[in-house]
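With TSV, C-alpha atoms inside, this is upload17.tsv:
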chain	number	residue	atom	x	y	z
N	94	MET	CA	0.00	0.00	0.00
N	95	GLY	CA	1.60	3.28	-1.06
N	96	HIS	CA	1.39	6.54	0.87
N	97	ASP	CA	2.15	10.08	-0.26
N	98	LEU	CA	3.91	11.33	2.88
N	99	LYS	CA	4.65	14.76	1.44
N	100	ALA	CA	1.01	15.31	0.54
N	101	ARG	CA	-0.20	14.54	4.04
N	102	SER	CA	2.54	16.36	5.92
N	103	LYS	CA	1.80	19.71	4.29
N	104	ILE	CA	-0.76	20.27	7.08
N	105	ASN	CA	2.02	20.23	9.67
N	106	GLY	CA	4.80	21.75	7.60
N	107	PRO	CA	6.50	21.06	4.26
N	108	ASP	CA	9.20	18.83	5.75
N	109	SER	CA	7.75	17.68	9.05
N	110	MET	CA	6.34	14.32	10.04
N	111	ARG	CA	3.93	13.77	12.90
N	112	VAL	CA	3.81	10.25	14.35
N	113	LEU	CA	1.47	8.58	16.81
N	114	GLY	CA	3.37	6.16	19.05
N	115	ILE	CA	1.78	3.18	20.81
N	116	GLU	CA	3.60	1.15	23.49
N	117	THR	CA	1.97	-2.02	24.87
N	118	SER	CA	4.83	-4.47	25.32
N	119	CYS	CA	4.26	-5.38	28.96
N	120	ASP	CA	2.42	-3.72	31.86
N	121	GLU	CA	2.24	-0.08	30.79
N	122	THR	CA	0.13	1.53	28.09
N	123	GLY	CA	2.03	4.47	26.59
N	124	ILE	CA	0.74	6.84	23.92
N	125	ALA	CA	2.57	9.84	22.46
N	126	ILE	CA	2.68	12.16	19.45
N	127	TYR	CA	6.05	13.25	18.13
N	128	ASP	CA	6.62	15.87	15.43
N	129	SER	CA	9.96	15.83	13.62
N	130	GLU	CA	10.14	19.66	13.71
N	131	LEU	CA	8.27	20.55	16.91
N	132	GLY	CA	9.36	17.62	19.06
N	133	LEU	CA	7.18	15.82	21.56
N	134	LEU	CA	3.66	17.28	21.44
N	135	GLY	CA	1.98	15.09	24.01
N	136	ASP	CA	2.24	11.82	25.88
N	137	ALA	CA	0.31	9.81	28.43
N	138	LEU	CA	1.06	6.66	30.37
N	139	TYR	CA	-1.14	4.24	32.23
N	140	SER	CA	0.68	1.85	34.57
N	141	GLN	CA	-0.75	-1.51	35.54
N	142	ILE	CA	1.38	-1.82	38.69
N	143	ASP	CA	-1.66	-1.98	40.96
N	144	VAL	CA	-3.20	-4.71	38.77
N	145	HIS	CA	-0.16	-6.99	39.07
N	146	ALA	CA	1.19	-6.07	42.52
N	147	GLU	CA	-0.86	-8.64	44.41
N	148	TYR	CA	0.63	-11.39	42.20
N	149	GLY	CA	4.22	-10.23	42.68
N	150	GLY	CA	4.79	-9.89	38.94
N	151	VAL	CA	3.12	-9.36	35.59
N	152	VAL	CA	0.22	-11.67	34.68
N	153	PRO	CA	0.19	-11.68	30.84
N	154	GLU	CA	-3.55	-12.21	30.38
N	155	LEU	CA	-4.41	-9.36	32.75
N	156	ALA	CA	-1.88	-7.12	30.99
N	157	SER	CA	-3.47	-7.77	27.58
N	158	ARG	CA	-6.98	-7.09	28.85
N	159	ASP	CA	-5.93	-3.81	30.42
N	160	HIS	CA	-4.25	-2.67	27.20
N	161	VAL	CA	-7.52	-3.36	25.36
N	162	ARG	CA	-9.35	-1.12	27.82
N	163	LYS	CA	-6.83	1.72	27.89
N	164	THR	CA	-5.22	2.11	24.46
N	165	LEU	CA	-7.98	3.88	22.51
N	166	PRO	CA	-9.03	6.21	25.37
N	167	LEU	CA	-5.39	7.26	25.81
N	168	ILE	CA	-5.02	7.89	22.07
N	169	ARG	CA	-8.08	10.16	22.16
N	170	GLN	CA	-6.70	11.93	25.24
N	171	VAL	CA	-3.24	12.60	23.77
N	172	MET	CA	-4.63	13.77	20.44
N	173	ALA	CA	-6.98	16.18	22.21
N	174	GLU	CA	-4.29	17.48	24.57
N	175	SER	CA	-1.81	18.01	21.71
N	176	ASP	CA	-4.51	19.63	19.53
N	177	THR	CA	-3.85	17.07	16.81
N	178	ASP	CA	-6.48	15.96	14.33
N	179	GLN	CA	-6.24	12.59	12.58
N	180	SER	CA	-5.57	14.43	9.30
N	181	GLN	CA	-2.30	15.70	10.82
N	182	ILE	CA	-0.97	12.22	11.60
N	183	ASP	CA	1.60	11.18	9.00
N	184	GLY	CA	2.44	7.77	10.40
N	185	ILE	CA	1.88	5.36	13.26
N	186	ALA	CA	4.53	3.53	15.28
N	187	TYR	CA	3.70	0.63	17.57
N	188	THR	CA	5.87	-1.71	19.60
N	189	ALA	CA	6.20	-5.00	17.69
N	190	GLY	CA	8.57	-6.71	20.12
N	191	PRO	CA	10.16	-7.95	22.20
N	192	GLY	CA	7.55	-8.36	24.93
N	193	LEU	CA	4.46	-10.32	25.93
N	194	VAL	CA	2.79	-11.63	22.77
N	195	GLY	CA	-0.77	-10.80	23.85
N	196	ALA	CA	0.14	-7.29	24.98
N	197	LEU	CA	2.09	-6.65	21.77
N	198	MET	CA	-0.85	-7.81	19.67
N	199	VAL	CA	-3.13	-5.17	21.21
N	200	GLY	CA	-0.89	-2.28	20.16
N	201	ALA	CA	-0.12	-3.82	16.77
N	202	CYS	CA	-3.79	-4.38	15.95
N	203	VAL	CA	-4.78	-0.86	16.99
N	204	GLY	CA	-1.82	0.70	15.18
N	205	ARG	CA	-2.37	-1.19	11.94
N	206	ALA	CA	-6.14	-0.57	11.99
N	207	LEU	CA	-5.71	3.19	12.48
N	208	ALA	CA	-3.02	3.34	9.80
N	209	TYR	CA	-5.31	1.58	7.33
N	210	ALA	CA	-8.30	3.78	8.22
N	211	TRP	CA	-6.30	7.01	8.05
N	212	GLY	CA	-4.29	6.06	4.96
N	213	VAL	CA	-0.86	6.46	6.53
N	214	PRO	CA	2.15	4.12	6.84
N	215	ALA	CA	2.80	2.20	10.05
N	216	ILE	CA	5.94	0.68	11.46
N	217	GLY	CA	6.59	-1.92	14.12
N	218	VAL	CA	9.24	-0.56	16.48
N	219	HIS	CA	11.76	-2.62	18.44
N	220	HIS	CA	11.08	-1.98	22.12
N	221	MET	CA	14.74	-1.85	23.11
N	222	GLU	CA	15.61	0.47	20.23
N	223	GLY	CA	12.94	2.75	21.66
N	224	HIS	CA	14.67	2.68	25.06
N	225	LEU	CA	18.07	3.22	23.43
N	226	LEU	CA	16.79	6.34	21.64
N	227	ALA	CA	14.85	7.80	24.60
N	228	PRO	CA	17.76	10.11	25.57
N	229	MET	CA	17.44	11.69	22.10
N	230	LEU	CA	14.28	13.39	23.39
N	231	GLU	CA	16.37	15.53	25.77
N	232	ASP	CA	17.61	19.05	25.09
N	233	GLU	CA	21.21	17.81	24.89
N	234	PRO	CA	21.06	14.40	23.18
N	235	PRO	CA	24.12	12.16	22.77
N	236	GLU	CA	25.91	11.98	19.43
N	237	TYR	CA	26.77	8.78	17.56
N	238	PRO	CA	28.73	6.60	18.03
N	239	PHE	CA	28.28	5.45	21.64
N	240	VAL	CA	27.98	2.43	23.90
N	241	ALA	CA	24.50	1.77	25.25
N	242	LEU	CA	23.66	-0.04	28.47
N	243	LEU	CA	20.10	-1.31	28.11
N	244	VAL	CA	19.01	-2.38	31.55
N	245	SER	CA	15.43	-3.30	32.43
N	246	GLY	CA	13.26	-6.05	33.85
N	247	GLY	CA	13.67	-8.18	30.76
N	248	HIS	CA	17.03	-7.14	29.30
N	249	THR	CA	20.56	-6.31	30.38
N	250	GLN	CA	22.72	-5.65	27.34
N	251	LEU	CA	25.77	-3.67	26.30
N	252	VAL	CA	25.45	-2.53	22.69
N	253	LYS	CA	27.89	-0.78	20.36
N	254	VAL	CA	25.87	1.88	18.51
N	255	ASP	CA	27.57	3.23	15.39
N	256	ASN	CA	24.40	4.92	14.15
N	257	LEU	CA	20.66	4.48	14.30
N	258	GLY	CA	19.99	0.89	13.27
N	259	GLU	CA	23.68	-0.09	13.32
N	260	TYR	CA	24.02	-2.17	16.46
N	261	THR	CA	26.53	-4.75	17.68
N	262	LEU	CA	25.84	-6.73	20.83
N	263	LEU	CA	28.90	-6.57	23.08
N	264	GLY	CA	27.61	-8.46	26.10
N	265	GLU	CA	24.45	-9.41	27.95
N	266	SER	CA	23.16	-11.15	31.04
N	267	LEU	CA	23.37	-14.92	30.66
N	268	ASP	CA	20.42	-15.45	33.01
N	269	ASP	CA	18.32	-12.95	34.97
N	270	ALA	CA	18.18	-9.37	33.77
N	271	ALA	CA	19.19	-6.79	36.38
N	272	GLY	CA	15.63	-5.55	36.75
N	273	GLU	CA	14.37	-9.10	37.21
N	274	ALA	CA	17.01	-9.65	39.89
N	275	PHE	CA	15.79	-6.52	41.70
N	276	ASP	CA	12.23	-7.87	41.62
N	277	LYS	CA	13.29	-11.24	43.04
N	278	ALA	CA	15.45	-9.70	45.76
N	279	ALA	CA	12.54	-7.48	46.74
N	280	LYS	CA	10.28	-10.52	47.02
N	281	MET	CA	12.80	-12.16	49.37
N	282	LEU	CA	12.49	-9.12	51.63
N	283	ASP	CA	8.68	-9.09	51.35
N	284	LEU	CA	8.67	-5.84	49.38
N	285	ASP	CA	5.98	-4.93	46.88
N	286	TYR	CA	6.29	-5.18	43.09
N	287	PRO	CA	8.05	-3.60	41.20
N	288	GLY	CA	11.18	-4.39	43.15
N	289	GLY	CA	13.67	-1.85	41.77
N	290	PRO	CA	12.23	1.29	43.38
N	291	ARG	CA	11.45	-0.61	46.62
N	292	ILE	CA	15.00	-1.94	46.98
N	293	ALA	CA	16.47	1.49	46.18
N	294	ALA	CA	14.28	3.20	48.78
N	295	LEU	CA	15.11	0.64	51.46
N	296	ALA	CA	18.82	0.72	50.59
N	297	LYS	CA	18.99	4.40	51.58
N	298	LYS	CA	18.52	3.29	55.21
N	299	GLY	CA	21.17	0.58	54.98
N	300	ASP	CA	24.76	0.33	56.17
N	301	ARG	CA	26.98	-0.13	53.12
N	302	THR	CA	29.79	-1.67	55.17
N	303	ARG	CA	27.90	-4.49	56.89
N	304	PHE	CA	27.56	-6.97	54.01
N	305	LYS	CA	29.77	-7.52	50.98
N	306	PHE	CA	27.91	-9.20	48.13
N	307	PRO	CA	29.74	-10.70	45.10
N	308	ARG	CA	30.20	-8.81	41.82
N	309	PRO	CA	29.38	-11.63	39.37
N	310	MET	CA	31.70	-12.26	36.40
N	311	THR	CA	33.82	-9.18	37.04
N	312	ASP	CA	36.89	-11.28	37.87
N	313	ARG	CA	37.12	-12.61	34.31
N	314	PRO	CA	37.45	-10.89	30.93
N	315	GLY	CA	34.46	-10.19	28.73
N	316	LEU	CA	31.29	-8.13	28.82
N	317	ASP	CA	28.67	-10.78	29.61
N	318	MET	CA	26.91	-10.61	32.96
N	319	SER	CA	25.11	-12.95	35.35
N	320	PHE	CA	22.84	-12.16	38.28
N	321	SER	CA	21.53	-15.60	39.28
N	322	GLY	CA	24.43	-16.22	41.68
N	323	LEU	CA	23.89	-12.84	43.30
N	324	LYS	CA	20.22	-13.70	43.70
N	325	THR	CA	21.16	-16.97	45.45
N	326	PHE	CA	23.66	-15.17	47.68
N	327	THR	CA	20.94	-12.71	48.66
N	328	LEU	CA	18.51	-15.52	49.45
N	329	ASN	CA	21.09	-17.26	51.67
N	330	THR	CA	21.85	-14.00	53.48
N	331	VAL	CA	18.17	-13.39	54.12
N	332	ALA	CA	17.76	-16.96	55.42
N	333	ALA	CA	20.78	-16.62	57.71
N	334	HIS	CA	19.27	-13.56	59.39
N	335	THR	CA	15.63	-14.57	59.45
N	336	GLU	CA	13.81	-14.08	62.73
N	337	ALA	CA	10.66	-15.64	64.17
N	338	ASP	CA	8.35	-13.75	61.80
N	339	GLY	CA	10.15	-15.20	58.78
N	340	LEU	CA	12.07	-12.03	57.87
N	341	PRO	CA	15.23	-10.24	59.02
N	342	ASP	CA	14.78	-7.25	61.32
N	343	ASP	CA	14.18	-3.88	59.66
N	344	GLN	CA	17.80	-2.71	59.82
N	345	THR	CA	19.15	-5.99	58.51
N	346	SER	CA	16.66	-5.89	55.64
N	347	ALA	CA	17.88	-2.40	54.78
N	348	ASP	CA	21.50	-3.53	54.97
N	349	ILE	CA	20.79	-6.48	52.65
N	350	ALA	CA	18.96	-4.23	50.18
N	351	CYS	CA	21.90	-1.84	50.27
N	352	ALA	CA	24.45	-4.60	49.67
N	353	PHE	CA	22.39	-6.03	46.83
N	354	GLU	CA	22.03	-2.65	45.11
N	355	GLU	CA	25.75	-1.96	45.53
N	356	ALA	CA	26.64	-5.29	43.94
N	357	VAL	CA	24.39	-4.76	40.89
N	358	VAL	CA	25.58	-1.19	40.42
N	359	ALA	CA	29.26	-2.09	40.79
N	360	THR	CA	28.90	-4.94	38.29
N	361	LEU	CA	27.23	-2.71	35.70
N	362	VAL	CA	29.79	0.07	36.19
N	363	ILE	CA	32.73	-2.32	35.74
N	364	LYS	CA	31.23	-3.75	32.54
N	365	CYS	CA	30.46	-0.29	31.14
N	366	ARG	CA	34.01	0.87	31.72
N	367	ARG	CA	35.32	-2.20	29.92
N	368	ALA	CA	32.97	-1.63	26.99
N	369	LEU	CA	34.12	1.96	26.56
N	370	LYS	CA	37.77	0.95	26.70
N	371	GLU	CA	37.26	-1.86	24.18
N	372	THR	CA	35.39	0.34	21.68
N	373	GLY	CA	37.42	3.48	22.26
N	374	PHE	CA	34.19	5.46	22.57
N	375	SER	CA	33.78	8.29	25.07
N	376	THR	CA	29.98	8.32	25.33
N	377	LEU	CA	27.72	5.97	27.27
N	378	VAL	CA	23.94	5.93	27.08
N	379	ILE	CA	21.96	4.11	29.77
N	380	ALA	CA	18.31	3.32	29.14
N	381	GLY	CA	15.53	1.12	30.47
N	382	GLY	CA	13.76	1.02	33.82
N	383	VAL	CA	16.85	0.35	35.93
N	384	SER	CA	18.52	3.45	34.44
N	385	ALA	CA	16.29	5.46	36.80
N	386	ASN	CA	18.30	4.10	39.76
N	387	ILE	CA	20.02	7.11	41.32
N	388	ARG	CA	22.92	5.11	42.75
N	389	LEU	CA	23.69	3.67	39.30
N	390	ARG	CA	23.69	7.12	37.73
N	391	GLU	CA	25.96	8.53	40.43
N	392	GLU	CA	28.48	5.71	40.21
N	393	LEU	CA	28.54	5.74	36.39
N	394	GLU	CA	29.12	9.47	36.27
N	395	LYS	CA	31.92	9.16	38.82
N	396	ALA	CA	33.60	6.27	36.98
N	397	LEU	CA	33.25	7.80	33.52
N	398	LYS	CA	34.61	11.14	34.64
N	399	LYS	CA	37.89	9.38	35.43
N	400	LEU	CA	37.91	8.02	31.85
N	401	GLY	CA	37.13	11.40	30.32
N	402	ALA	CA	33.82	9.98	29.12
N	403	LYS	CA	30.24	11.18	29.52
N	404	VAL	CA	27.00	9.41	30.37
N	405	PHE	CA	23.57	10.28	28.97
N	406	TYR	CA	20.15	9.09	30.08
N	407	ALA	CA	16.51	9.95	29.61
N	408	ARG	CA	14.46	11.93	32.11
N	409	HIS	CA	12.92	9.80	34.84
N	410	GLU	CA	9.48	9.40	33.21
N	411	PHE	CA	11.05	8.11	30.00
N	412	CYS	CA	13.24	5.48	31.67
N	413	THR	CA	10.37	3.04	32.04
N	414	ASP	CA	8.20	1.97	29.11
N	415	ASN	CA	6.52	4.92	27.37
N	416	GLY	CA	4.95	5.98	24.08
N	417	ALA	CA	7.34	8.89	23.48
N	418	MET	CA	10.32	6.65	22.76
N	419	ILE	CA	8.24	4.56	20.33
N	420	ALA	CA	6.91	7.65	18.52
N	421	TYR	CA	10.46	9.05	18.20
N	422	ALA	CA	12.03	5.79	17.00
N	423	GLY	CA	9.18	5.22	14.56
N	424	CYS	CA	9.45	8.75	13.20
N	425	GLN	CA	13.15	8.30	12.40
N	426	ARG	CA	12.50	5.12	10.42
N	427	LEU	CA	9.34	6.37	8.69
N	428	GLU	CA	11.17	9.50	7.56
N	429	ALA	CA	13.86	7.24	6.09
N	430	GLY	CA	11.21	5.49	4.02
N	431	GLN	CA	10.90	2.34	6.10
N	432	SER	CA	7.55	0.82	7.05
N	433	SER	CA	5.91	-2.48	7.94
N	434	SER	CA	3.60	-4.59	5.81
N	435	GLN	CA	-0.15	-4.65	6.45
N	436	ALA	CA	0.18	-8.10	8.02
N	437	ILE	CA	-0.04	-7.86	11.79
N	438	LYS	CA	3.20	-9.35	13.07
N	439	VAL	CA	4.76	-9.20	16.51
N	440	ARG	CA	8.01	-10.72	17.73
N	441	PRO	CA	8.11	-11.61	21.45
N	442	ARG	CA	11.81	-12.40	20.94
N	443	TRP	CA	13.64	-10.09	18.55
N	444	PRO	CA	17.44	-9.59	18.47
N	445	MET	CA	18.13	-5.90	17.93
N	446	GLU	CA	21.01	-6.66	15.57
N	447	GLU	CA	18.44	-7.87	13.03
N	448	LEU	CA	17.11	-4.34	12.56
N	449	PRO	CA	18.03	-2.69	9.25
N	450	PRO	CA	20.17	0.46	9.34
N	451	LEU	CA	18.40	3.76	8.91
N	452	ARG	CA	19.73	4.26	5.41
N	453	SER	CA	18.08	1.01	4.25
N	454	ALA	CA	14.60	1.05	2.74
N	455	GLU	CA	14.14	-2.54	3.94
N	456	GLU	CA	10.75	-3.39	5.38
N	457	ILE	CA	10.66	-4.03	9.14

Any chance you could put this one into structure tokens?
Amino acid sequence: MGHDLKARSKINGPDSMRVLGIETSCDETGIAIYDSELGLLGDALYSQIDVHAEYGGVVPELASRDHVRKTLPLIRQVMAESDTDQSQIDGIAYTAGPGLVGALMVGACVGRALAYAWGVPAIGVHHMEGHLLAPMLEDEPPEYPFVALLVSGGHTQLVKVDNLGEYTLLGESLDDAAGEAFDKAAKMLDLDYPGGPRIAALAKKGDRTRFKFPRPMTDRPGLDMSFSGLKTFTLNTVAAHTEADGLPDDQTSADIACAFEEAVVATLVIKCRRALKETGFSTLVIAGGVSANIRLREELEKALKKLGAKVFYARHEFCTDNGAMIAYAGCQRLEAGQSSSQAIKVRPRWPMEELPPLRSAEEI
């Protein structure tokens, strides 16, 4: 199906493109509108944390149902708040993977249906590419090339980024992602889901000198990571200090949370430093939910300053899943002439290296 992008975009400006972004990969419904000239015009996010908290993690079926309920109302809300009419939309971007297949299908079906009805192209965006590009929405975005640390509940990866769409995987977690490890450690301490913010808050009350947790795989060369052993070490420490009520006392819990956070942060910092030295790059981008961790940001900035390097990250609200990063990533690829076929396809597992470079007109 062909689309005359220039003809439609004349409403917004002769060279601009306005894209509706839809994010439904997991437990947050994110909608945004991004204009290539004016920037981010509007965004809204609905979090399902309360829906899944009682289960201690995301229930896929409940996530899909909530996306069905929330996606269209949020689209109407963002379009109204950004004063955008459907005739001003030049393209639609939706998350096509990786993620929960049912949740992805909701966004893909809505995105493709709207694109067909409005006569505009649509593109399935890689969720982690969205995270990687989220810092580009800031006033001072990073410049290519750089090393990216993608760290979330489902992914922990170090990626060499030569340009948009030109990615080389340098290293990744061989088991649990860092965010997943935070969730499991929080559960051991009887903290609510999601675990990352709960552990970080409790760690502020902890004594950093009481426990020394291992820094997995930092005593050997390479950029791969592992957090399963750290998780086991945490479980054993909790068990060794458990009292009659089945938990450590409050101070011990805070000390364990602190030691766990320190171990994850130290491991990530060591691997990032290695990645920068190996590539010769002087710019690091951190993205994904765990990138909101204040301790991680502080330690990375301190370590990179010694290397003469600089770290970039998105504002707090764009660290977790959001529609703005999908709208931005989709806009870059749509402007380059890329799009997706009318077939509704999602990829729950999708290596980022399989993405075509921006200069390619290859279909995604």

* Asked: Which protein, DNA or RNA residues have an atom at most 10 Å from (3.7, -12.0, 45.0), counting all atoms listed in the file? List them as a list in words.
  ->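 Within 10 Å of (3.7, -12.0, 45.0), the protein and nucleic acid residues are His145, Ala146, Glu147, Tyr148, Gly149, Gly150, Val151, Lys277, Lys280, Asp283, Leu284, Asp285 and Tyr286 of chain N.
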
* Pick out the residues sitting within 9 Å of stretch 112-115 of chain N, and hand them over as an NGL selection string; count only C-alpha atoms, and ignore anything fewer than 2 positions along from it in its own chain. => :N and (110 or 117 or 122-129 or 136 or 164 or 168 or 172 or 181-188 or 200-201 or 203-204 or 415-424 or 427)

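For the choices N:Cys119, N:Val144, N:Leu377, N:Ala402, the atom-to-atom distance to N:Gly195 is smallest for N:Cys119 when using only C-alpha atoms.
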
* To do: Kindly indicate which residue among N:Thr330, N:Ser319, N:Thr249, N:Ser180 lies nearest to N:Thr345, using all atoms listed in the file for the distances.
  => N:Thr330

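Of the listed residues (N:Asp159, N:Ile457, N:Met310, N:Asp276), N:Ile457 comes nearest to N:Trp443; the distances count all atoms listed in the file.
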
* To do: Enter the distance from atom CA of N:Thr376 to atom CA of N:Phe320, in Å, rounded to one decimal.
  =>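 Rounded to one decimal, the two atoms are 25.3 Å apart.
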
* To do: Compile the contact shell of N:Ala279 as an NGL selection string: residues with an atom at most 12 Å away, counting all atoms listed in the file, same-chain residues fewer than 6 positions apart removed.
  => :N and (149-150 or 272-273 or 285-296 or 324 or 327-328 or 331 or 346-347 or 349-351 or 353-354)

* Asked: Which polymer residues have any atom within 10 Å of an atom of N:Ala189, counting all atoms listed in the file, with same-chain residues fewer than 6 positions away left out, as a ChimeraX atom specification?
  -> /N:115-118,196-201,216-220,437-443,457

Determine, for each residue of stretch 192-281 of chain N having at least one atom at most 8 Å from an atom of stretch 404-413 of chain N, the closest pair of atoms and their separation in Å to one decimal, counting only C-alpha atoms; order by chain and ascending number, as a tab-separated table.
residue	atom	partner	partner_atom	distance
N:His224	CA	N:Cys412	CA	7.3
N:Ala227	CA	N:Ala407	CA	5.7
N:Pro228	CA	N:Ala407	CA	4.2
N:Met229	CA	N:Ala407	CA	7.8
N:Leu230	CA	N:Ala407	CA	7.4
N:Glu231	CA	N:Ala407	CA	6.8
N:Pro234	CA	N:Phe405	CA	7.5
N:Pro235	CA	N:Phe405	CA	6.5

* To one decimal place, how far is atom CA of N:Glu446 from atom CA of N:Arg205 in Å? ->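 Between atom CA of N:Glu446 and atom CA of N:Arg205 the gap works out to 24.3 Å.
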
* Give the answer as one residue: which of N:Ile142, N:Met281, N:Val171, N:Val378 has the shortest atom-to-atom distance to N:Cys365, using only C-alpha atoms? =>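 Of the candidates, the smallest distance to N:Cys365 is held by N:Val378.
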
* Top pick for closest residue to N:Leu138, considering N:Glu259, N:Glu456, N:Asp414, N:Asp300 and counting all atoms listed in the file ->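 Smallest separation from N:Leu138 among the options: N:Asp414.
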
* For N:Leu323, the nearest of the candidates N:Asp178, N:Asp232, N:Asp343, N:Asp268, counting only C-alpha atoms -> N:Asp268

Output requested as a PDB file, keeping the file's coordinate frame - stretch 298-311 of chain N, filled out with N, CA, C and O atoms.
ATOM      1  N   LYS N 298      18.456   3.421  53.754  1.00  0.00           N
ATOM      2  CA  LYS N 298      18.520   3.290  55.210  1.00  0.00           C
ATOM      3  C   LYS N 298      19.574   2.285  55.649  1.00  0.00           C
ATOM      4  O   LYS N 298      19.774   2.060  56.832  1.00  0.00           O
ATOM      5  N   GLY N 299      20.246   1.656  54.663  1.00  0.00           N
ATOM      6  CA  GLY N 299      21.170   0.580  54.980  1.00  0.00           C
ATOM      7  C   GLY N 299      22.592   1.027  55.254  1.00  0.00           C
ATOM      8  O   GLY N 299      23.009   2.130  54.890  1.00  0.00           O
ATOM      9  N   ASP N 300      23.330   0.137  55.885  1.00  0.00           N
ATOM     10  CA  ASP N 300      24.760   0.330  56.170  1.00  0.00           C
ATOM     11  C   ASP N 300      25.547  -0.360  55.058  1.00  0.00           C
ATOM     12  O   ASP N 300      25.514  -1.584  54.920  1.00  0.00           O
ATOM     13  N   ARG N 301      26.262   0.411  54.277  1.00  0.00           N
ATOM     14  CA  ARG N 301      26.980  -0.130  53.120  1.00  0.00           C
ATOM     15  C   ARG N 301      28.189  -0.976  53.513  1.00  0.00           C
ATOM     16  O   ARG N 301      28.776  -1.645  52.669  1.00  0.00           O
ATOM     17  N   THR N 302      28.589  -0.940  54.753  1.00  0.00           N
ATOM     18  CA  THR N 302      29.790  -1.670  55.170  1.00  0.00           C
ATOM     19  C   THR N 302      29.484  -3.011  55.832  1.00  0.00           C
ATOM     20  O   THR N 302      30.383  -3.804  56.068  1.00  0.00           O
ATOM     21  N   ARG N 303      28.219  -3.285  56.120  1.00  0.00           N
ATOM     22  CA  ARG N 303      27.900  -4.490  56.890  1.00  0.00           C
ATOM     23  C   ARG N 303      28.055  -5.772  56.066  1.00  0.00           C
ATOM     24  O   ARG N 303      28.660  -6.744  56.517  1.00  0.00           O
ATOM     25  N   PHE N 304      27.486  -5.786  54.869  1.00  0.00           N
ATOM     26  CA  PHE N 304      27.560  -6.970  54.010  1.00  0.00           C
ATOM     27  C   PHE N 304      28.340  -6.647  52.738  1.00  0.00           C
ATOM     28  O   PHE N 304      28.260  -5.540  52.221  1.00  0.00           O
ATOM     29  N   LYS N 305      29.054  -7.651  52.249  1.00  0.00           N
ATOM     30  CA  LYS N 305      29.770  -7.520  50.980  1.00  0.00           C
ATOM     31  C   LYS N 305      29.268  -8.616  50.053  1.00  0.00           C
ATOM     32  O   LYS N 305      29.576  -9.794  50.226  1.00  0.00           O
ATOM     33  N   PHE N 306      28.464  -8.234  49.072  1.00  0.00           N
ATOM     34  CA  PHE N 306      27.910  -9.200  48.130  1.00  0.00           C
ATOM     35  C   PHE N 306      28.837  -9.336  46.916  1.00  0.00           C
ATOM     36  O   PHE N 306      29.541  -8.394  46.561  1.00  0.00           O
ATOM     37  N   PRO N 307      28.854 -10.497  46.257  1.00  0.00           N
ATOM     38  CA  PRO N 307      29.740 -10.700  45.100  1.00  0.00           C
ATOM     39  C   PRO N 307      29.376  -9.834  43.905  1.00  0.00           C
ATOM     40  O   PRO N 307      28.218  -9.460  43.728  1.00  0.00           O
ATOM     41  N   ARG N 308      30.379  -9.526  43.093  1.00  0.00           N
ATOM     42  CA  ARG N 308      30.200  -8.810  41.820  1.00  0.00           C
ATOM     43  C   ARG N 308      30.363  -9.861  40.715  1.00  0.00           C
ATOM     44  O   ARG N 308      31.480 -10.143  40.292  1.00  0.00           O
ATOM     45  N   PRO N 309      29.277 -10.466  40.258  1.00  0.00           N
ATOM     46  CA  PRO N 309      29.380 -11.630  39.370  1.00  0.00           C
ATOM     47  C   PRO N 309      30.114 -11.344  38.061  1.00  0.00           C
ATOM     48  O   PRO N 309      29.908 -10.319  37.420  1.00  0.00           O
ATOM     49  N   MET N 310      30.996 -12.256  37.680  1.00  0.00           N
ATOM     50  CA  MET N 310      31.700 -12.260  36.400  1.00  0.00           C
ATOM     51  C   MET N 310      32.559 -11.032  36.155  1.00  0.00           C
ATOM     52  O   MET N 310      32.901 -10.714  35.016  1.00  0.00           O
ATOM     53  N   THR N 311      32.933 -10.338  37.215  1.00  0.00           N
ATOM     54  CA  THR N 311      33.820  -9.180  37.040  1.00  0.00           C
ATOM     55  C   THR N 311      35.289  -9.583  37.213  1.00  0.00           C
ATOM     56  O   THR N 311      36.183  -8.785  36.933  1.00  0.00           O
TER      57      THR N 311
END
